[in-house]
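Listing of coords.cif; format and content: mmCIF, C-alpha atoms and all ligand atoms.
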data_run
loop_
_atom_site.label_atom_id
_atom_site.label_comp_id
_atom_site.auth_asym_id
_atom_site.auth_seq_id
_atom_site.Cartn_x
_atom_site.Cartn_y
_atom_site.Cartn_z
CA MET G 1 0.00 0.00 0.00
CA THR G 2 1.37 3.42 -0.95
CA ALA G 3 0.58 6.45 1.17
CA LEU G 4 -0.66 9.30 -1.01
CA LEU G 5 -1.17 11.69 1.89
CA GLU G 6 0.44 11.62 5.30
CA VAL G 7 -0.60 13.90 8.12
CA GLU G 8 1.60 13.93 11.20
CA ASP G 9 0.80 15.68 14.46
CA LEU G 10 -1.21 18.39 12.69
CA ARG G 11 -2.23 21.38 14.78
CA VAL G 12 -4.54 24.20 13.71
CA SER G 13 -5.79 27.15 15.77
CA TYR G 14 -8.34 29.91 15.36
CA GLY G 15 -6.70 32.66 17.40
CA LYS G 16 -6.20 31.22 20.85
CA ILE G 17 -8.52 28.27 20.27
CA GLU G 18 -6.79 25.12 19.12
CA ALA G 19 -9.32 23.23 16.96
CA VAL G 20 -6.99 20.45 15.76
CA LYS G 21 -4.69 19.21 18.51
CA GLY G 22 -2.02 17.05 16.94
CA ILE G 23 -3.77 14.55 14.68
CA SER G 24 -2.04 11.98 12.49
CA PHE G 25 -3.50 9.88 9.71
CA THR G 26 -2.64 8.34 6.37
CA VAL G 27 -4.59 8.17 3.11
CA ASN G 28 -3.44 5.28 0.97
CA GLN G 29 -3.53 5.34 -2.81
CA GLY G 30 -6.80 4.00 -4.22
CA GLU G 31 -8.55 3.78 -0.87
CA VAL G 32 -11.44 5.56 0.83
CA THR G 33 -10.37 7.00 4.17
CA THR G 34 -12.97 8.53 6.45
CA LEU G 35 -12.81 10.97 9.32
CA ILE G 36 -15.87 10.71 11.53
CA GLY G 37 -16.69 12.65 14.67
CA THR G 38 -19.27 14.84 16.34
CA ASN G 39 -19.83 18.53 15.65
CA GLY G 40 -16.77 20.60 16.32
CA ALA G 41 -14.34 17.66 16.32
CA GLY G 42 -12.10 19.43 13.80
CA LYS G 43 -12.93 17.54 10.60
CA THR G 44 -13.69 20.55 8.40
CA THR G 45 -10.73 22.44 9.85
CA THR G 46 -8.49 19.52 8.85
CA LEU G 47 -9.75 19.48 5.24
CA ARG G 48 -9.46 23.27 4.93
CA THR G 49 -5.88 23.04 6.16
CA LEU G 50 -5.04 20.30 3.66
CA SER G 51 -6.44 22.57 0.91
CA GLY G 52 -4.20 25.42 2.01
CA LEU G 53 -7.10 27.60 3.16
CA LEU G 54 -5.89 27.55 6.77
CA LYS G 55 -2.33 27.63 7.99
CA PRO G 56 -1.32 24.91 10.44
CA THR G 57 0.37 25.93 13.68
CA GLY G 58 2.28 22.65 13.80
CA GLY G 59 2.84 19.25 12.26
CA LYS G 60 3.62 17.96 8.82
CA ILE G 61 1.55 17.27 5.70
CA THR G 62 3.14 15.17 2.98
CA PHE G 63 1.51 14.59 -0.40
CA GLU G 64 3.14 12.17 -2.82
CA GLY G 65 6.22 12.26 -0.62
CA LYS G 66 6.57 16.06 -0.76
CA PRO G 67 5.84 18.52 2.06
CA LEU G 68 2.80 20.76 1.56
CA SER G 69 3.73 23.41 4.11
CA GLY G 70 3.72 26.92 2.72
CA VAL G 71 2.23 25.82 -0.62
CA PRO G 72 -0.61 28.22 -1.60
CA ALA G 73 -4.17 26.91 -2.14
CA HIS G 74 -4.20 27.26 -5.95
CA LYS G 75 -0.91 25.36 -6.18
CA ILE G 76 -2.31 22.61 -3.97
CA VAL G 77 -5.19 22.19 -6.46
CA SER G 78 -2.69 21.91 -9.29
CA LEU G 79 -0.76 19.26 -7.34
CA GLY G 80 -3.92 17.16 -7.40
CA LEU G 81 -5.86 17.77 -4.17
CA ALA G 82 -9.49 18.69 -4.83
CA HIS G 83 -11.93 19.75 -2.12
CA SER G 84 -15.71 19.52 -2.29
CA PRO G 85 -16.55 21.77 0.66
CA GLU G 86 -19.18 21.46 3.36
CA GLY G 87 -22.27 23.40 2.27
CA ARG G 88 -21.30 22.84 -1.39
CA HIS G 89 -20.54 26.49 -2.30
CA ILE G 90 -21.91 26.32 -5.78
CA PHE G 91 -22.66 29.56 -7.66
CA PRO G 92 -26.48 29.63 -7.88
CA ARG G 93 -26.84 32.18 -10.71
CA MET G 94 -24.31 30.52 -12.97
CA THR G 95 -25.36 27.54 -15.05
CA ILE G 96 -24.52 23.99 -14.08
CA GLU G 97 -21.97 23.81 -16.89
CA GLU G 98 -20.34 27.10 -15.85
CA ASN G 99 -20.05 25.78 -12.30
CA LEU G 100 -18.35 22.64 -13.58
CA LEU G 101 -15.94 24.64 -15.73
CA LEU G 102 -14.88 26.67 -12.67
CA GLY G 103 -13.38 23.45 -11.32
CA ALA G 104 -11.07 23.39 -14.34
CA PHE G 105 -9.89 27.00 -14.07
CA LEU G 106 -6.22 26.03 -13.90
CA ARG G 107 -6.30 23.74 -16.91
CA ARG G 108 -5.08 24.71 -20.35
CA ASP G 109 -6.39 21.69 -22.30
CA PRO G 110 -9.88 22.61 -23.59
CA ALA G 111 -10.41 19.24 -25.27
CA GLY G 112 -9.59 17.38 -22.04
CA VAL G 113 -11.83 19.74 -20.07
CA GLN G 114 -14.74 19.09 -22.43
CA GLU G 115 -14.13 15.36 -22.09
CA ASP G 116 -14.31 15.69 -18.30
CA VAL G 117 -17.53 17.75 -18.48
CA GLU G 118 -19.07 14.87 -20.44
CA ARG G 119 -17.70 12.41 -17.89
CA ALA G 120 -19.40 14.40 -15.09
CA TYR G 121 -22.67 14.18 -17.04
CA THR G 122 -22.25 10.42 -17.37
CA LEU G 123 -21.62 10.13 -13.64
CA PHE G 124 -24.56 12.44 -12.83
CA PRO G 125 -27.03 12.41 -15.75
CA ILE G 126 -29.29 15.03 -14.11
CA LEU G 127 -26.46 17.58 -14.46
CA GLY G 128 -26.25 16.91 -18.19
CA GLU G 129 -30.00 17.20 -18.66
CA ARG G 130 -30.00 20.59 -16.98
CA ARG G 131 -26.57 21.87 -18.02
CA LYS G 132 -27.84 25.28 -19.22
CA GLN G 133 -29.99 25.97 -16.14
CA ALA G 134 -28.97 28.05 -13.16
CA ALA G 135 -27.34 25.86 -10.53
CA GLY G 136 -29.57 27.43 -7.85
CA THR G 137 -32.56 25.56 -9.32
CA LEU G 138 -31.04 22.19 -8.37
CA SER G 139 -32.22 20.31 -5.28
CA GLY G 140 -29.82 19.94 -2.35
CA GLY G 141 -28.75 16.48 -3.45
CA GLU G 142 -28.26 17.60 -7.04
CA GLN G 143 -26.15 20.54 -5.82
CA GLN G 144 -24.03 18.02 -3.94
CA MET G 145 -23.54 16.13 -7.19
CA LEU G 146 -22.50 19.38 -8.86
CA ALA G 147 -20.00 20.12 -6.08
CA MET G 148 -18.50 16.65 -6.50
CA GLY G 149 -18.50 16.98 -10.29
CA ARG G 150 -16.76 20.35 -10.02
CA ALA G 151 -14.07 18.94 -7.70
CA LEU G 152 -13.41 16.16 -10.23
CA MET G 153 -12.86 18.70 -13.02
CA CYS G 154 -9.26 19.31 -11.97
CA ARG G 155 -8.51 15.58 -12.46
CA PRO G 156 -7.48 15.20 -8.84
CA LYS G 157 -5.27 12.53 -7.39
CA LEU G 158 -7.08 12.94 -4.08
CA LEU G 159 -10.73 13.91 -3.77
CA MET G 160 -11.73 15.38 -0.41
CA LEU G 161 -15.45 15.36 0.33
CA ASP G 162 -16.78 17.29 3.33
CA GLU G 163 -20.10 15.84 4.52
CA PRO G 164 -21.53 15.01 1.11
CA SER G 165 -24.65 13.47 2.70
CA MET G 166 -25.52 16.52 4.80
CA GLY G 167 -29.20 17.44 4.59
CA LEU G 168 -30.02 14.83 1.96
CA SER G 169 -32.94 12.42 1.81
CA PRO G 170 -32.02 8.77 2.44
CA LEU G 171 -32.46 8.01 -1.27
CA MET G 172 -30.23 10.87 -2.37
CA MET G 173 -27.69 9.91 0.27
CA GLN G 174 -27.58 6.37 -1.13
CA LYS G 175 -26.96 7.79 -4.59
CA ILE G 176 -24.06 9.92 -3.34
CA MET G 177 -22.55 6.98 -1.44
CA ALA G 178 -22.93 4.76 -4.53
CA THR G 179 -21.07 7.39 -6.54
CA ILE G 180 -18.23 7.33 -4.03
CA VAL G 181 -18.00 3.55 -4.47
CA GLU G 182 -18.04 4.03 -8.26
CA LEU G 183 -15.26 6.64 -8.08
CA LYS G 184 -13.17 4.34 -5.92
CA ALA G 185 -13.69 1.52 -8.41
CA SER G 186 -12.34 3.83 -11.12
CA GLY G 187 -9.14 4.23 -9.07
CA MET G 188 -9.83 7.51 -7.27
CA THR G 189 -8.38 8.05 -3.79
CA ILE G 190 -10.92 9.67 -1.48
CA LEU G 191 -10.77 11.40 1.89
CA LEU G 192 -14.28 11.58 3.25
CA VAL G 193 -15.58 13.56 6.21
CA GLU G 194 -18.96 12.40 7.46
CA GLN G 195 -21.35 12.58 10.38
CA ASN G 196 -23.26 9.67 8.93
CA ALA G 197 -20.90 7.07 10.38
CA GLN G 198 -22.82 4.00 9.24
CA ALA G 199 -22.88 4.94 5.57
CA ALA G 200 -19.33 6.26 5.53
CA LEU G 201 -17.65 3.42 7.41
CA SER G 202 -19.46 0.80 5.32
CA LEU G 203 -17.59 1.95 2.23
CA SER G 204 -14.29 2.94 3.88
CA ASP G 205 -11.01 1.07 3.84
CA GLN G 206 -9.71 3.04 6.80
CA GLY G 207 -11.42 5.22 9.37
CA TYR G 208 -10.38 7.69 12.05
CA VAL G 209 -12.64 8.86 14.87
CA LEU G 210 -12.02 12.46 15.93
CA GLU G 211 -13.12 13.99 19.22
CA VAL G 212 -12.37 17.60 20.17
CA GLY G 213 -9.39 17.87 17.87
CA LYS G 214 -7.81 14.48 18.53
CA VAL G 215 -7.88 11.04 16.94
CA VAL G 216 -9.37 8.73 19.57
CA LEU G 217 -9.82 5.57 17.53
CA THR G 218 -8.63 4.17 14.25
CA GLY G 219 -9.20 0.99 12.27
CA THR G 220 -10.60 -0.40 9.06
CA GLY G 221 -14.11 0.72 8.19
CA GLN G 222 -15.42 -2.72 9.17
CA ASP G 223 -13.50 -2.73 12.49
CA LEU G 224 -14.97 0.63 13.45
CA LEU G 225 -18.48 -0.36 12.35
CA HIS G 226 -18.32 -3.24 14.79
CA ASN G 227 -16.56 -1.36 17.57
CA ASP G 228 -18.72 -1.00 20.70
CA GLU G 229 -17.67 2.60 21.42
CA VAL G 230 -18.40 3.67 17.85
CA ARG G 231 -21.74 1.87 17.89
CA LYS G 232 -22.76 3.66 21.08
CA ALA G 233 -21.49 7.12 20.22
CA TYR G 234 -22.14 7.33 16.49
CA LEU G 235 -24.63 4.68 15.51
CA GLY G 236 -27.09 5.36 18.32
CA GLU G 237 -26.92 1.87 19.81
CA ASP G 238 -26.91 0.91 23.51
P1 LIG F 1 -19.00 19.89 12.03
O1 LIG F 1 -19.31 18.47 11.81
O2 LIG F 1 -19.94 20.58 12.96
O3 LIG F 1 -18.72 20.66 10.78
P2 LIG F 1 -16.16 19.66 12.46
O4 LIG F 1 -15.63 18.39 13.03
O5 LIG F 1 -16.00 19.83 11.00
O6 LIG F 1 -17.64 19.87 12.89
P3 LIG F 1 -14.77 22.15 12.69
O7 LIG F 1 -15.74 22.90 11.85
O8 LIG F 1 -13.46 21.82 12.12
O9 LIG F 1 -15.42 20.83 13.23
O10 LIG F 1 -14.56 22.96 14.05
C1 LIG F 1 -13.63 22.61 15.04
C2 LIG F 1 -13.63 23.66 16.16
O11 LIG F 1 -13.14 24.90 15.65
C3 LIG F 1 -15.02 23.96 16.73
O12 LIG F 1 -14.90 24.14 18.09
C4 LIG F 1 -15.42 25.24 16.02
O13 LIG F 1 -16.29 26.01 16.81
C5 LIG F 1 -14.09 25.93 15.86
N1 LIG F 1 -14.09 26.79 14.69
C6 LIG F 1 -14.37 26.43 13.40
N2 LIG F 1 -14.25 27.48 12.56
C7 LIG F 1 -13.90 28.55 13.32
C8 LIG F 1 -13.62 29.93 13.06
N3 LIG F 1 -13.67 30.42 11.81
N4 LIG F 1 -13.28 30.71 14.11
C9 LIG F 1 -13.22 30.23 15.36
N5 LIG F 1 -13.46 28.94 15.69
C10 LIG F 1 -13.79 28.10 14.70
#
Let me see whether you can do it: turn the structure in this file into structure tokens.
Amino acid sequence: MTALLEVEDLRVSYGKIEAVKGISFTVNQGEVTTLIGTNGAGKTTTLRTLSGLLKPTGGKITFEGKPLSGVPAHKIVSLGLAHSPEGRHIFPRMTIEENLLLGAFLRRDPAGVQEDVERAYTLFPILGERRKQAAGTLSGGEQQMLAMGRALMCRPKLLMLDEPSMGLSPLMMQKIMATIVELKASGMTILLVEQNAQAALSLSDQGYVLEVGKVVLTGTGQDLLHNDEVRKAYLGED
């Protein structure tokens, strides 16, 4: 197994408040790795730091064997780390296609970009059917598909998804989870942040449980699904 991303003793603060208190984890090539944890555990902060949007106060991030410290956000995208953020952040007045193209803003290969737009429409047919409509007319689940499609437009080596199931109906959530499985089958490496522990761990190779800025438990997705503490705290079982 080759590590694509290695995070060692990462620390991130907002002013005096330390939100991430020395976490370490590894994302292996071709695997789905999940961070689960309650509200405020530091999951989003971790992804934003990996994307270069926040500056760590300590620790080391290594991507493909090279340190990421001090690398600006746009450069991190061009190195192959794509981030589909919590809350989606799509541009509601722009069309679906324009939103997708924004994900390719660093690319200089129009033919390849067009190919990837078509690939996004194959992955999410609803986006293709409505390509010329304003993105704000999409349902929450469809907007999530657009956010994922946009992140894929930079041909990432690592796709980071922040709570893709948030606010979705069970059916839509299943569709999103099935897409994650499909992406993994196509060779994509995925770092997933989820509150829906059951769904996320079921499809994860490796999982890390975060509590108030620290990793408290780690194991394979299956190990964690069957772990008593995880079952009590995250799956609502006695
Ligand atoms: P959630 O599932 O609720 O999104 P999370 O695990 O992603 O939670 P974070 O959003 O990373 O958690 O937040 C970690 C901690 O940092 C929380 O205590 C939060 O209140 C705090 N925090 C997050 N963003 C800021 C900010 N911009 N300024 C100050 N504190 C922040």
_Within 6 Å of ligand LIG 1 (chain F) (counting only C-alpha atoms and all ligand atoms), which residues show up? I'd like them as a VMD selection string._
chain G and resid 14 19 38 to 45
*asked:* Set the distance at 10 Å and use all atoms listed in the file: which residues neighbour Tyr234 of chain G once local chain neighbours fewer than 5 positions away are removed? I'd like the list as JSON, numbers by chain.
replied: {"G": [36, 37, 38, 195, 196, 197, 198, 209, 225, 228, 229]}
*Using all atoms listed in the file, determine which residues lie at most 10 Å from Val12 of chain G, disregarding the query and same-chain residues fewer than 6 positions distant; provide the list as a VMD selection string.*
chain G and resid 18 to 23 42 45 to 46 49 54 to 59 213
Can you write out as a tab-separated table which residues of segment 127-213 of chain G fall within 9 Å of segment 114-119 of chain G, alongside each residue's closest atom pair and its distance in Å to one decimal, counting all atoms listed in the file and ordering rows by chain and ascending residue number?
residue	atom	partner	partner_atom	distance
G:Gly128	CA	G:Glu118	CA	7.8
G:Gly149	CA	G:Val117	CA	8.3
G:Arg150	CA	G:Val117	CA	8.9
G:Leu152	CA	G:Asp116	CA	8.1
G:Met153	CA	G:Asp116	CA	6.2
G:Cys154	CA	G:Asp116	CA	8.9
G:Arg155	CA	G:Asp116	CA	8.2
Return as JSON the centre and edge lengths, in Å with one decimal, of the box along x, y and z that encloses every atom of segment 78-94 of chain G in the file, padded by 8 Å per side.
{"center_x": -13.8, "center_y": 24.7, "center_z": -4.8, "size_x": 42.1, "size_y": 31.0, "size_z": 32.3}
_Distance query segment 167-170 of chain G at most 10 Å, only C-alpha atoms, self and fewer than 3 positions along chain excluded, as a PyMOL selection string_ = chain G and resi 87+139-142+144+163-164+173-176
Would you export the selected residues with C-alpha atoms as a PDB file, in the frame of the given file, please?
ATOM      1  CA  GLY G  87     -22.270  23.400   2.270  1.00  0.00           C
ATOM      2  CA  SER G 139     -32.220  20.310  -5.280  1.00  0.00           C
ATOM      3  CA  GLY G 140     -29.820  19.940  -2.350  1.00  0.00           C
ATOM      4  CA  GLY G 141     -28.750  16.480  -3.450  1.00  0.00           C
ATOM      5  CA  GLU G 142     -28.260  17.600  -7.040  1.00  0.00           C
ATOM      6  CA  GLN G 144     -24.030  18.020  -3.940  1.00  0.00           C
ATOM      7  CA  GLU G 163     -20.100  15.840   4.520  1.00  0.00           C
ATOM      8  CA  PRO G 164     -21.530  15.010   1.110  1.00  0.00           C
ATOM      9  CA  MET G 173     -27.690   9.910   0.270  1.00  0.00           C
ATOM     10  CA  GLN G 174     -27.580   6.370  -1.130  1.00  0.00           C
ATOM     11  CA  LYS G 175     -26.960   7.790  -4.590  1.00  0.00           C
ATOM     12  CA  ILE G 176     -24.060   9.920  -3.340  1.00  0.00           C
TER      13      ILE G 176
END
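Using all atoms listed in the file, the smallest distance between any of G:Thr33, G:Lys16, G:Pro85, G:Arg93 and Ser202 of chain G comes from G:Thr33.
Interatomic distance, atom CA of Pro67 of chain G against atom CA of Gly221 of chain G: 27.4 Å.
With atom CA of Gly52 of chain G on one side and atom CA of Gly15 of chain G on the other, the separation reads 17.2 Å.
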_Rounded to one decimal, what separation in Å do you get between atom CA of Ala82 of chain G and atom CA of Ser24 of chain G?_
20.0 Å
*Nearest to Met166 of chain G among G:Glu97, G:Glu194, G:Glu6, G:Glu129, with distances taken over only C-alpha atoms: which residue is it?*
G:Glu194
